[in-house]
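For reference, protein10.txt (compact mmCIF, C-alpha atoms):
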# COMPACT_ATOMS: atom_id res chain seq x y z
CA MET K 90 0.00 0.00 0.00
CA ARG K 91 1.42 3.36 -1.04
CA LYS K 92 2.42 5.72 1.75
CA GLN K 93 0.32 8.88 1.55
CA ARG K 94 1.82 12.34 1.79
CA ILE K 95 0.51 14.86 4.30
CA ASP K 96 -0.16 18.16 2.54
CA GLY K 97 2.66 20.63 3.08
CA GLN K 98 5.21 17.91 3.78
CA GLU K 99 7.66 15.95 1.65
CA THR K 100 6.63 12.78 -0.17
CA PRO K 101 7.44 9.80 2.16
CA TYR K 102 10.89 8.24 1.83
CA TRP K 103 13.41 5.92 3.44
CA ALA K 104 16.43 7.78 4.82
CA LEU K 105 19.82 6.54 3.56
CA GLY K 106 22.60 8.91 4.63
CA PRO K 107 22.41 12.00 2.40
CA PHE K 108 19.85 10.26 0.17
CA LYS K 109 16.07 9.87 0.39
CA VAL K 110 14.96 6.63 -1.22
CA ARG K 111 11.58 6.65 -2.99
CA LEU K 112 10.21 3.66 -4.92
CA PRO K 113 7.34 3.57 -7.43
CA PHE K 114 3.97 2.41 -6.04
CA VAL K 115 5.49 2.44 -2.52
CA HIS K 116 6.32 6.12 -2.05
CA TYR K 117 4.89 7.81 -5.14
CA ARG K 118 2.01 7.35 -7.56
CA PHE K 119 3.04 6.10 -10.98
CA GLU K 120 2.16 8.76 -13.57
CA TRP K 121 1.13 7.01 -16.78
CA PRO K 122 1.04 10.14 -19.02
CA ASP K 123 4.70 10.78 -18.20
CA TYR K 124 5.57 7.11 -18.68
CA PHE K 125 4.07 7.04 -22.19
CA GLN K 126 5.78 10.33 -22.98
CA GLY K 127 9.07 8.69 -21.98
CA LEU K 128 8.47 5.78 -24.39
CA LEU K 129 8.84 8.09 -27.39
CA MET K 130 11.23 10.59 -25.83
CA CYS K 131 13.82 7.83 -25.62
CA ALA K 132 14.46 9.19 -29.13
CA VAL K 133 16.59 11.89 -27.50
CA ASP K 134 18.61 9.29 -25.56
CA LEU K 135 19.11 7.45 -28.86
CA ALA K 136 20.25 10.71 -30.50
CA ALA K 137 23.54 10.21 -28.63
CA ILE K 138 24.28 7.22 -30.88
CA PRO K 139 25.32 9.17 -34.01
CA LEU K 140 27.55 11.37 -31.82
CA MET K 141 29.40 8.31 -30.49
CA THR K 142 29.62 6.55 -33.84
CA ASP K 143 31.12 9.69 -35.42
CA LEU K 144 33.64 10.38 -32.64
CA LEU K 145 34.66 6.88 -31.55
CA GLY K 146 33.71 4.76 -34.56
CA MET K 147 31.30 2.67 -32.45
CA PRO K 148 28.87 0.32 -34.21
CA PHE K 149 25.19 1.14 -33.61
CA GLU K 150 24.65 -1.79 -31.24
CA VAL K 151 27.65 -0.80 -29.09
CA ALA K 152 26.48 2.81 -28.85
CA LEU K 153 23.01 1.51 -27.96
CA ALA K 154 24.60 -0.36 -25.03
CA VAL K 155 26.08 2.93 -23.79
CA ALA K 156 22.68 4.63 -24.08
CA MET K 157 21.05 1.82 -22.07
CA LEU K 158 23.63 2.02 -19.29
CA ASN K 159 23.17 5.76 -19.13
CA GLY K 160 19.40 5.24 -19.01
CA LEU K 161 19.65 2.94 -16.00
CA PHE K 162 21.76 5.48 -14.12
CA TYR K 163 19.17 8.20 -14.90
CA LEU K 164 16.85 6.39 -12.48
CA LEU K 165 19.18 7.07 -9.55
CA HIS K 166 18.15 10.72 -9.33
CA HIS K 167 14.50 10.38 -8.36
CA LEU K 168 15.12 7.07 -6.54
CA LEU K 169 17.67 8.77 -4.25
CA GLY K 170 15.80 12.02 -3.67
CA ASP K 171 16.84 14.41 -6.46
CA PRO K 172 13.58 15.91 -7.86
CA VAL K 173 14.70 16.48 -11.45
CA VAL K 174 14.67 14.87 -14.87
CA PRO K 175 18.40 14.22 -15.46
CA GLY K 176 20.04 14.32 -18.85
CA TRP K 177 23.22 15.23 -20.72
CA ILE K 178 25.58 18.16 -20.19
CA THR K 179 24.38 19.34 -23.58
CA PRO K 180 26.21 22.68 -24.07
CA ALA K 181 29.53 21.03 -23.13
CA ILE K 182 29.26 18.30 -25.79
CA PRO K 183 30.97 20.35 -28.55
CA LEU K 184 33.75 21.21 -26.08
CA LEU K 185 34.34 17.54 -25.20
CA MET K 186 34.14 16.36 -28.81
CA ALA K 187 36.73 18.94 -29.86
CA TYR K 188 39.03 17.82 -27.03
CA CYS K 189 38.71 14.10 -27.86
CA ALA K 190 39.09 14.73 -31.60
CA SER K 191 42.57 16.13 -30.91
CA PHE K 192 43.66 12.52 -30.22
CA PRO K 193 43.98 9.79 -32.89
CA GLU K 194 40.87 7.64 -33.34
CA GLY K 195 41.15 4.34 -31.52
CA PRO K 196 42.34 3.42 -28.02
CA GLU K 197 44.01 6.82 -27.47
CA ARG K 198 40.78 8.73 -28.15
CA VAL K 199 38.80 6.36 -25.92
CA HIS K 200 41.38 6.89 -23.16
CA ALA K 201 40.94 10.67 -23.54
CA LEU K 202 37.19 10.30 -23.02
CA VAL K 203 37.60 7.88 -20.10
CA SER K 204 40.07 10.11 -18.26
CA PHE K 205 37.91 13.19 -18.78
CA GLN K 206 34.67 11.59 -17.58
CA LEU K 207 36.29 9.87 -14.59
CA MET K 208 37.88 13.13 -13.42
CA LEU K 209 34.62 15.02 -13.90
CA GLY K 210 32.79 12.40 -11.84
CA LEU K 211 35.31 12.33 -9.00
CA PHE K 212 35.51 16.13 -8.88
CA SER K 213 31.70 16.43 -8.70
CA MET K 214 31.50 13.80 -5.95
CA PHE K 215 34.16 15.68 -3.97
CA ILE K 216 32.18 18.91 -4.28
CA GLY K 217 29.02 17.15 -3.05
CA ALA K 218 30.64 15.12 -0.25
CA THR K 219 32.41 18.15 1.24
CA GLY K 220 29.30 20.33 1.11
CA LEU K 221 31.03 22.83 -1.16
CA ALA K 222 28.16 22.91 -3.65
CA HIS K 223 26.23 25.41 -1.52
CA LYS K 224 29.34 27.56 -1.14
CA VAL K 225 30.05 27.44 -4.87
CA VAL K 226 26.52 28.69 -5.54
CA GLN K 227 27.07 31.59 -3.14
CA LEU K 228 30.60 32.48 -4.29
CA ILE K 229 29.91 32.83 -8.01
CA PRO K 230 28.85 36.43 -8.77
CA GLN K 231 25.28 36.75 -10.01
CA ALA K 232 26.44 38.32 -13.29
CA ILE K 233 28.60 35.27 -14.10
CA LYS K 234 25.82 32.86 -13.07
CA SER K 235 23.44 34.72 -15.35
CA GLY K 236 25.91 34.76 -18.24
CA VAL K 237 26.74 31.04 -17.98
CA ILE K 238 23.06 30.05 -18.09
CA VAL K 239 22.20 32.49 -20.90
CA GLY K 240 25.25 31.37 -22.85
CA ALA K 241 24.27 27.71 -22.47
CA GLY K 242 20.90 28.57 -23.97
CA ILE K 243 22.45 30.46 -26.87
CA ALA K 244 24.89 27.59 -27.51
CA ALA K 245 21.98 25.13 -27.63
CA VAL K 246 20.16 27.26 -30.22
CA ILE K 247 23.33 27.75 -32.29
CA ALA K 248 23.85 23.98 -32.38
CA VAL K 249 20.51 23.65 -34.18
CA PHE K 250 20.62 26.67 -36.52
CA LYS K 251 24.30 26.91 -37.46
CA THR K 252 25.22 26.17 -41.06
CA GLY K 253 25.16 22.41 -41.50
CA GLY K 254 23.25 21.99 -38.22
CA ARG K 255 20.12 19.98 -37.52
CA PHE K 256 17.79 22.62 -38.97
CA ASP K 257 19.40 22.36 -42.41
CA SER K 258 18.63 18.63 -42.44
CA TYR K 259 15.02 18.88 -41.18
CA PRO K 260 13.81 22.45 -41.82
CA VAL K 261 10.11 21.67 -42.23
CA THR K 262 9.87 19.03 -39.50
CA ILE K 263 11.75 21.10 -36.92
CA SER K 264 9.69 24.22 -37.75
CA VAL K 265 6.41 22.35 -37.28
CA ALA K 266 7.50 20.38 -34.21
CA VAL K 267 9.11 23.28 -32.37
CA GLY K 268 6.27 25.67 -33.21
CA ILE K 269 3.66 23.30 -31.80
CA ALA K 270 5.87 22.44 -28.79
CA PHE K 271 6.30 26.07 -27.77
CA TYR K 272 2.57 26.69 -28.18
CA VAL K 273 1.59 23.65 -26.11
CA ILE K 274 4.16 24.13 -23.34
CA PHE K 275 4.52 27.90 -22.97
CA SER K 276 1.46 29.58 -24.53
CA ARG K 277 -1.04 31.39 -22.28
CA HIS K 278 -3.75 30.75 -24.87
CA PHE K 279 -3.23 26.99 -24.77
CA ALA K 280 -3.17 27.11 -20.95
CA ARG K 281 -6.70 28.57 -21.07
CA LEU K 282 -7.79 25.90 -23.56
CA LYS K 283 -6.50 23.17 -21.22
CA ALA K 284 -8.60 24.59 -18.41
CA GLN K 285 -11.73 24.65 -20.59
CA SER K 286 -11.47 21.39 -22.52
CA ARG K 287 -10.72 17.81 -21.50
CA LEU K 288 -9.27 17.10 -24.94
CA PHE K 289 -6.78 19.95 -24.75
CA GLY K 290 -6.12 19.03 -21.13
CA LEU K 291 -5.15 15.51 -22.24
CA VAL K 292 -2.84 16.92 -24.94
CA GLY K 293 -1.22 19.16 -22.32
CA LYS K 294 -0.67 16.21 -19.98
CA LEU K 295 1.15 14.28 -22.70
CA GLY K 296 3.71 17.08 -23.11
CA ILE K 297 6.10 16.43 -26.03
CA PHE K 298 4.79 12.90 -26.70
CA PRO K 299 2.27 13.89 -29.43
CA ILE K 300 4.81 16.28 -30.99
CA VAL K 301 7.41 13.55 -31.47
CA ALA K 302 4.66 11.29 -32.84
CA LEU K 303 3.72 14.05 -35.31
CA ALA K 304 7.37 14.44 -36.37
CA ILE K 305 7.48 10.73 -37.29
CA ILE K 306 4.77 11.49 -39.89
CA VAL K 307 5.81 14.99 -40.98
CA ALA K 308 9.47 14.14 -41.70
CA PRO K 309 8.73 11.50 -44.41
CA LEU K 310 5.95 13.64 -45.93
CA ALA K 311 8.40 16.55 -46.18
CA GLY K 312 11.00 14.27 -47.76
CA GLU K 313 13.40 14.87 -44.85
CA ALA K 314 13.50 11.29 -43.50
CA PRO K 315 12.39 7.81 -44.59
CA TRP K 316 9.30 6.14 -43.20
CA PRO K 317 10.16 3.99 -40.18
CA ASP K 318 11.12 0.38 -40.89
CA ILE K 319 9.42 -1.20 -37.89
CA LYS K 320 11.13 -4.25 -36.43
CA TRP K 321 9.75 -6.40 -33.64
CA GLY K 322 11.36 -7.95 -30.61
CA ILE K 323 13.78 -6.77 -27.96
CA SER K 324 16.71 -4.54 -28.90
CA SER K 325 20.16 -6.15 -28.91
CA PRO K 326 22.87 -3.90 -27.42
CA ASP K 327 26.41 -5.24 -27.78
CA PHE K 328 27.87 -5.04 -24.27
CA ALA K 329 30.61 -7.57 -25.04
CA THR K 330 32.20 -5.42 -27.75
CA LEU K 331 31.70 -2.30 -25.64
CA TRP K 332 33.64 -3.67 -22.68
CA ARG K 333 36.28 -5.35 -24.84
CA GLU K 334 37.12 -2.44 -27.17
CA TYR K 335 35.90 0.78 -25.54
CA THR K 336 36.47 0.49 -21.79
CA VAL K 337 39.29 0.01 -19.29
CA PHE K 338 38.41 -3.70 -19.13
CA GLY K 339 39.83 -4.22 -22.60
CA LEU K 340 42.12 -1.21 -23.06
CA GLY K 341 43.48 -0.74 -19.54
CA LEU K 342 43.61 2.50 -17.58
CA PRO K 343 44.63 5.71 -19.38
CA PRO K 344 48.17 6.97 -18.66
CA LEU K 345 48.61 9.72 -16.06
CA SER K 346 49.36 12.25 -18.80
CA MET K 347 45.78 11.79 -20.10
CA PHE K 348 44.31 12.76 -16.74
CA LEU K 349 46.54 15.84 -16.52
CA SER K 350 45.69 17.01 -20.04
CA ALA K 351 41.96 16.66 -19.30
CA ILE K 352 41.98 19.07 -16.32
CA PRO K 353 41.19 22.31 -18.27
CA THR K 354 38.34 20.62 -20.15
CA VAL K 355 36.96 19.17 -16.91
CA LEU K 356 36.91 22.61 -15.26
CA ALA K 357 35.30 24.19 -18.33
CA ALA K 358 32.62 21.48 -18.46
CA TYR K 359 31.92 21.92 -14.75
CA ILE K 360 31.23 25.62 -15.26
CA VAL K 361 28.55 24.72 -17.82
CA LEU K 362 27.26 21.94 -15.57
CA PHE K 363 27.01 24.43 -12.73
CA GLY K 364 24.50 26.38 -14.83
CA ASP K 365 22.24 23.30 -14.85
CA ILE K 366 22.37 23.22 -11.04
CA LEU K 367 21.18 26.83 -10.97
CA GLN K 368 18.44 26.07 -13.50
CA SER K 369 17.22 23.08 -11.49
CA ARG K 370 16.85 25.17 -8.36
CA ALA K 371 15.24 28.13 -10.14
CA ILE K 372 12.62 26.01 -11.96
CA LEU K 373 11.69 24.18 -8.75
CA GLU K 374 11.37 27.45 -6.84
CA GLU K 375 8.85 28.66 -9.41
CA ALA K 376 6.83 25.46 -8.92
CA ASP K 377 6.77 25.82 -5.12
CA GLN K 378 4.27 28.66 -5.30
CA ALA K 379 1.83 26.67 -7.44
CA ARG K 380 2.05 23.46 -5.37
CA PRO K 381 2.33 24.18 -1.64
CA ASP K 382 0.86 20.72 -0.93
CA GLU K 383 4.23 19.05 -1.65
CA LYS K 384 7.45 20.30 -0.10
CA VAL K 385 10.14 19.60 -2.69
CA GLU K 386 13.67 19.74 -1.31
CA TYR K 387 16.48 20.30 -3.80
CA SER K 388 19.99 19.69 -2.47
CA PRO K 389 22.93 20.66 -4.73
CA ASP K 390 25.19 18.45 -2.60
CA ARG K 391 22.99 15.38 -3.16
CA ALA K 392 22.75 16.17 -6.87
CA HIS K 393 26.54 16.38 -7.13
CA LEU K 394 26.95 12.99 -5.44
CA ILE K 395 24.48 11.36 -7.82
CA PHE K 396 25.58 12.78 -11.17
CA GLY K 397 29.23 12.59 -10.07
CA GLY K 398 28.75 8.90 -9.31
CA ARG K 399 27.04 8.41 -12.67
CA ASN K 400 29.95 9.96 -14.56
CA ALA K 401 32.52 7.95 -12.62
CA ALA K 402 30.62 4.70 -13.22
CA MET K 403 30.02 5.40 -16.91
CA SER K 404 33.70 6.22 -17.46
CA ILE K 405 34.43 2.62 -16.45
CA LEU K 406 31.41 0.76 -17.85
CA GLY K 407 30.67 2.76 -21.01
CA PRO K 408 32.28 6.18 -21.61
CA ASP K 409 29.71 8.58 -23.04
CA VAL K 410 30.39 11.73 -25.07
CA THR K 411 27.11 13.30 -23.91
CA MET K 412 28.25 12.99 -20.26
CA CYS K 413 25.97 12.53 -17.25
CA GLY K 414 24.40 15.84 -16.34
CA PRO K 415 22.15 16.95 -13.48
CA LEU K 416 19.28 18.15 -15.67
CA TRP K 417 17.39 17.62 -18.93
CA ALA K 418 16.05 21.16 -18.97
CA ALA K 419 13.50 20.65 -21.73
CA MET K 420 11.77 17.66 -20.12
CA HIS K 421 12.20 18.99 -16.59
CA VAL K 422 10.19 22.04 -17.64
CA VAL K 423 7.52 19.85 -19.25
CA ILE K 424 7.18 17.71 -16.12
CA VAL K 425 7.17 20.72 -13.77
CA GLU K 426 4.59 22.52 -15.92
CA ARG K 427 2.27 19.53 -15.54
CA PHE K 428 3.06 19.33 -11.82
CA THR K 429 1.93 22.93 -11.35
CA GLN K 430 -1.50 22.07 -12.77
CA GLY K 431 -2.48 20.51 -9.45
CA LYS K 432 -2.57 17.31 -7.48
CA LYS K 433 -5.03 15.61 -9.84
CA ALA K 434 -2.70 16.15 -12.79
CA MET K 435 0.39 14.88 -10.91
CA ASP K 436 0.36 13.75 -7.30
CA SER K 437 4.12 14.14 -6.72
CA LEU K 438 6.95 15.63 -8.73
CA PHE K 439 8.94 12.47 -7.99
CA GLY K 440 6.16 10.46 -9.61
CA GLY K 441 6.31 12.54 -12.79
CA ALA K 442 10.11 12.57 -13.09
CA GLY K 443 10.43 8.90 -12.15
CA SER K 444 7.65 7.62 -14.39
CA PHE K 445 9.13 9.52 -17.33
CA ARG K 446 12.54 7.92 -16.85
CA TRP K 447 11.01 4.45 -16.41
CA GLY K 448 9.35 5.12 -19.76
CA THR K 449 12.56 6.06 -21.58
CA ASN K 450 14.26 2.92 -20.29
CA THR K 451 11.36 0.77 -21.50
CA GLY K 452 11.52 2.44 -24.90
CA LEU K 453 15.21 1.61 -25.29
CA LEU K 454 14.42 -2.08 -24.79
CA LEU K 455 11.67 -2.32 -27.42
CA MET K 456 12.72 -2.66 -31.06
CA PRO K 457 9.38 -1.29 -32.34
CA ILE K 458 10.02 1.93 -30.39
CA VAL K 459 13.71 2.14 -31.35
CA THR K 460 13.02 1.60 -35.07
CA LEU K 461 9.95 3.88 -34.98
CA VAL K 462 11.89 6.92 -33.79
CA GLN K 463 15.23 6.12 -35.48
CA PRO K 464 14.56 8.28 -38.60
CA ILE K 465 13.81 11.41 -36.55
CA LEU K 466 16.56 11.24 -33.92
CA GLY K 467 17.93 14.55 -35.21
CA VAL K 468 14.53 16.22 -34.81
CA ALA K 469 14.17 14.96 -31.24
CA LEU K 470 17.63 16.32 -30.42
CA ALA K 471 16.81 19.70 -31.98
CA LEU K 472 13.52 19.87 -30.09
CA THR K 473 15.14 19.35 -26.70
CA LEU K 474 17.96 21.79 -27.54
CA LEU K 475 15.57 24.59 -28.49
CA ILE K 476 13.33 24.11 -25.45
CA GLN K 477 16.46 24.09 -23.30
CA GLY K 478 17.61 27.28 -25.04
CA TYR K 479 14.32 29.03 -24.25
CA VAL K 480 14.40 28.01 -20.60
CA SER K 481 18.09 28.78 -20.16
CA VAL K 482 17.75 32.33 -21.43
CA LYS K 483 14.65 32.98 -19.31
CA VAL K 484 16.18 31.57 -16.13
CA GLY K 485 19.58 33.12 -16.82
CA VAL K 486 18.22 36.63 -17.23
CA MET K 487 16.29 36.32 -13.97
CA GLU K 488 19.52 35.39 -12.14
CA ALA K 489 20.76 38.94 -12.77
CA ARG K 490 20.07 41.59 -10.11
CA SER K 491 20.92 44.78 -11.97
CA GLN K 492 21.37 46.30 -15.41
CA ARG K 493 25.14 46.02 -15.02
CA ASP K 494 24.69 42.32 -14.27
CA LEU K 495 22.72 41.98 -17.51
CA GLY K 496 25.44 43.70 -19.52
CA ILE K 497 28.15 41.45 -18.11
CA ALA K 498 25.92 38.39 -18.57
CA GLY K 499 25.38 39.24 -22.23
CA VAL K 500 29.12 39.37 -22.91
CA VAL K 501 29.81 36.21 -20.87
CA GLY K 502 26.99 34.36 -22.63
CA ALA K 503 28.23 35.33 -26.09
CA VAL K 504 31.81 34.29 -25.25
CA LEU K 505 30.57 30.96 -23.87
CA ALA K 506 28.63 30.24 -27.05
CA THR K 507 31.51 31.15 -29.36
CA ARG K 508 34.77 30.45 -27.49
CA GLY K 509 33.86 27.95 -24.76
CA ALA K 510 33.29 27.90 -21.02
CA ALA K 511 36.87 28.55 -19.89
CA TRP K 512 37.07 31.78 -21.88
CA ALA K 513 33.62 32.81 -20.67
CA PHE K 514 34.51 32.33 -17.03
CA ALA K 515 37.76 34.29 -17.43
CA VAL K 516 35.97 37.16 -19.18
CA GLY K 517 33.28 37.19 -16.48
CA VAL K 518 35.85 37.43 -13.67
CA VAL K 519 37.67 40.32 -15.37
CA LEU K 520 34.46 42.23 -16.11
CA CYS K 521 33.12 41.79 -12.56
CA LEU K 522 36.45 43.05 -11.17
CA LEU K 523 36.43 46.07 -13.48
CA VAL K 524 32.76 46.93 -12.92
CA TYR K 525 32.30 46.08 -9.23
CA GLY K 526 35.82 46.18 -7.79
CA ARG K 527 35.67 45.44 -4.07
CA ASP K 528 32.04 44.37 -4.48
CA PHE K 529 33.12 41.53 -6.81
CA PHE K 530 31.13 38.87 -4.92
CA LYS K 531 28.33 41.13 -3.73
CA GLY K 532 27.54 42.96 -6.97
CA GLU K 533 24.54 45.23 -6.76
CA THR K 534 20.74 45.17 -6.72
CA ASP K 535 19.23 48.15 -8.57
CA LYS K 536 15.64 46.81 -8.46
CA THR K 537 15.34 46.62 -12.23
CA PHE K 538 13.50 43.33 -11.72
CA VAL K 539 10.20 43.01 -9.92
CA LYS K 540 11.59 40.05 -7.95
CA ASP K 541 14.11 42.40 -6.29
CA GLN K 542 11.60 45.07 -5.35
CA GLU K 543 10.07 45.19 -1.89

Go ahead and render the structure in this file as structure tokens.
Amino acid sequence: MRKQRIDGQETPYWALGPFKVRLPFVHYRFEWPDYFQGLLMCAVDLAAIPLMTDLLGMPFEVALAVAMLNGLFYLLHHLLGDPVVPGWITPAIPLLMAYCASFPEGPERVHALVSFQLMLGLFSMFIGATGLAHKVVQLIPQAIKSGVIVGAGIAAVIAVFKTGGRFDSYPVTISVAVGIAFYVIFSRHFARLKAQSRLFGLVGKLGIFPIVALAIIVAPLAGEAPWPDIKWGISSPDFATLWREYTVFGLGLPPLSMFLSAIPTVLAAYIVLFGDILQSRAILEEADQARPDEKVEYSPDRAHLIFGGRNAAMSILGPDVTMCGPLWAAMHVVIVERFTQGKKAMDSLFGGAGSFRWGTNTGLLLMPIVTLVQPILGVALALTLLIQGYVSVKVGVMEARSQRDLGIAGVVGAVLATRGAAWAFAVGVVLCLLVYGRDFFKGETDKTFVKDQE
């Protein structure tokens, strides 16, 4: 029998050190709309496959094994008390791919990826275990926080619309899918329709699910992708080849020089990752006002331990170029938006986030689902990038406290999108020193924003 939550308190859990264990049907209600949404949205998880085949020369079945391992580790977040939909460290992917591509393809390039991901995981776990995550959040000037998040959003949009990007391959499908997605998720008009009509309410509950389904039809009609070649049965990931040719089990540990050369890239990726931590907290704070019946606790320290552990484990079991991030911004927003519609729509945020990730894992196992979405993997990736871009810019701007903060954030964001995170952080530090001087950490609050006014 499921343990019921008392309004105003947290969803029941079992305490386990810094973690809060919650199981489906025991501690939270299983949310079927989010589960079915996850079945198709596994297309985004599968979109990592072409990235790995291009960079590492992996066969499809080997890359599928990496995606499945990553999918299993996604479950750790909601199971251990982190109320988010986890995902990749998306804006840092181009940075990591450029770093790995500087090594010859083969064992040396795999070692570069292994050493990077292992160091990122251990560093994140250290930050979480020592409780430094809270201090990091406080020490970073608001202008730099704002610029990092805005820049991540801009980088996500650039990845879609740059010359030779996803939009050039699927212009019609992406235009239709993204247009409908923004209307369904963010439009005030559609929000009123959901309140007035059960049909529109059902569409709203399904989030991106019907949009991905529509893309499967639109892409072939527009001549941008073939019709799906549906195959039946259970998918067949090749774990044997993965562990023999692409992990430390077959290749041995990377040399010490690999770990040393990865340090700058690790620090740069962490700066981008830190923006996801800020986004997670900001999005959840917005939801608190709409749902006072559930107290949702977000701990940056716990999040660091979980995604740090995921990266460390994946570096050994199946190194992944998309990395293990703390947030899938696009789907987190979709789940939170549905959560804010009330207890009838979603009893607990953990139920929504967990059911969605159970759904994506199921989808990866089913060949009909894998082959159904395979032709539009690029569209699914573009969809999540553009929704993330929208949310990142909105949240990033609201992190600023003054007009000077906004100016610095604009420069930092542009540098991040064009030159990378390390350059962006350096530029942000210099600008904050020049503009604020002794008030480097404090900054200023000029009450430009309503949130800062009394």

For Val385 of chain K, the nearest of the candidates K:Ala498, K:Val173, K:Val155, K:Val482, counting only C-alpha atoms: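 Under the stated criterion, the closest residue is K:Val173.
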
Non-local contacts of Val133 of chain K (8 Å; all atoms listed in the file; under 3 positions in same chain excluded) as number ranges by chain: K: 130, 136-137, 466, 469-470, 473

Computed interatomic separation between atom CA of Thr100 of chain K and atom CA of Val422 of chain K (Å): 20.1 Å

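Proximity to Val174 of chain K at 10 Å, evaluated using all atoms listed in the file and with sequence-adjacent residues fewer than 6 positions away removed, yields Tyr163, Leu164, His166, His167, Ser369, Gly414, Pro415, Leu416, Trp417, Ala418, Ala419, Met420, His421, Val422, Val423, Ile424, Val425, Leu438, Phe439, Gly441, Ala442, Gly443, Phe445 and Arg446 of chain K.
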
Ala190 of chain K environment, 10 Å, only C-alpha atoms, sequence neighbours closer than 2 positions dropped, as a list in words: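 Selected residues are Leu144, Leu145, Leu185, Met186, Ala187, Tyr188, Phe192, Pro193, Glu194, Arg198, Ala201 and Leu202 of chain K.
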
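The list of residues with at least one atom within 10 Å of Glu334 of chain K, based on only C-alpha atoms and without residues fewer than 6 positions apart in the same chain, reads Met147, Val151, Gly195, Pro196, Val199 and Leu340 of chain K.
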
Among listed residues K:Pro107, K:Gly448, K:Gly407, K:Pro457, nearest Gly220 of chain K (using only C-alpha atoms):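 Going through K:Pro107, K:Gly448, K:Gly407, K:Pro457 one by one, the smallest distance to Gly220 of chain K is for K:Pro107.
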
Computed interatomic separation between atom CA of Val203 of chain K and atom CA of Phe363 of chain K (Å): 21.0 Å

Residue with smallest distance to Ala314 of chain K - pool K:Val468, K:Val486, K:Ala302, K:Leu453, counting only C-alpha atoms: K:Val468

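Distance annotation: of K:Ala311, K:Val355, K:Val237, K:Val500, the residue with the minimal separation from Ser213 of chain K is K:Val355; atom set is all atoms listed in the file.
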
Shell around Ala379 of chain K at 10 Å using only C-alpha atoms, local window under 2 positions removed, as a PyMOL selection string: chain K and resi 374-377+381-383+426+428-431

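Minimum atom-to-atom distances from K:Gly452, K:Pro353, K:Gly364, K:Gly236 to Arg493 of chain K were compared using only C-alpha atoms, and the lowest value belongs to K:Gly236.
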
Which of K:Thr336, K:Thr252, K:Ser437, K:Gln285 sits closest to Ile405 of chain K [using all atoms listed in the file]: K:Thr336

Coordinates-based distance that separates atom CA of Val337 of chain K from atom CA of Gly146 of chain K (Å, one decimal):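 Distance reported for this atom pair: 16.9 Å.
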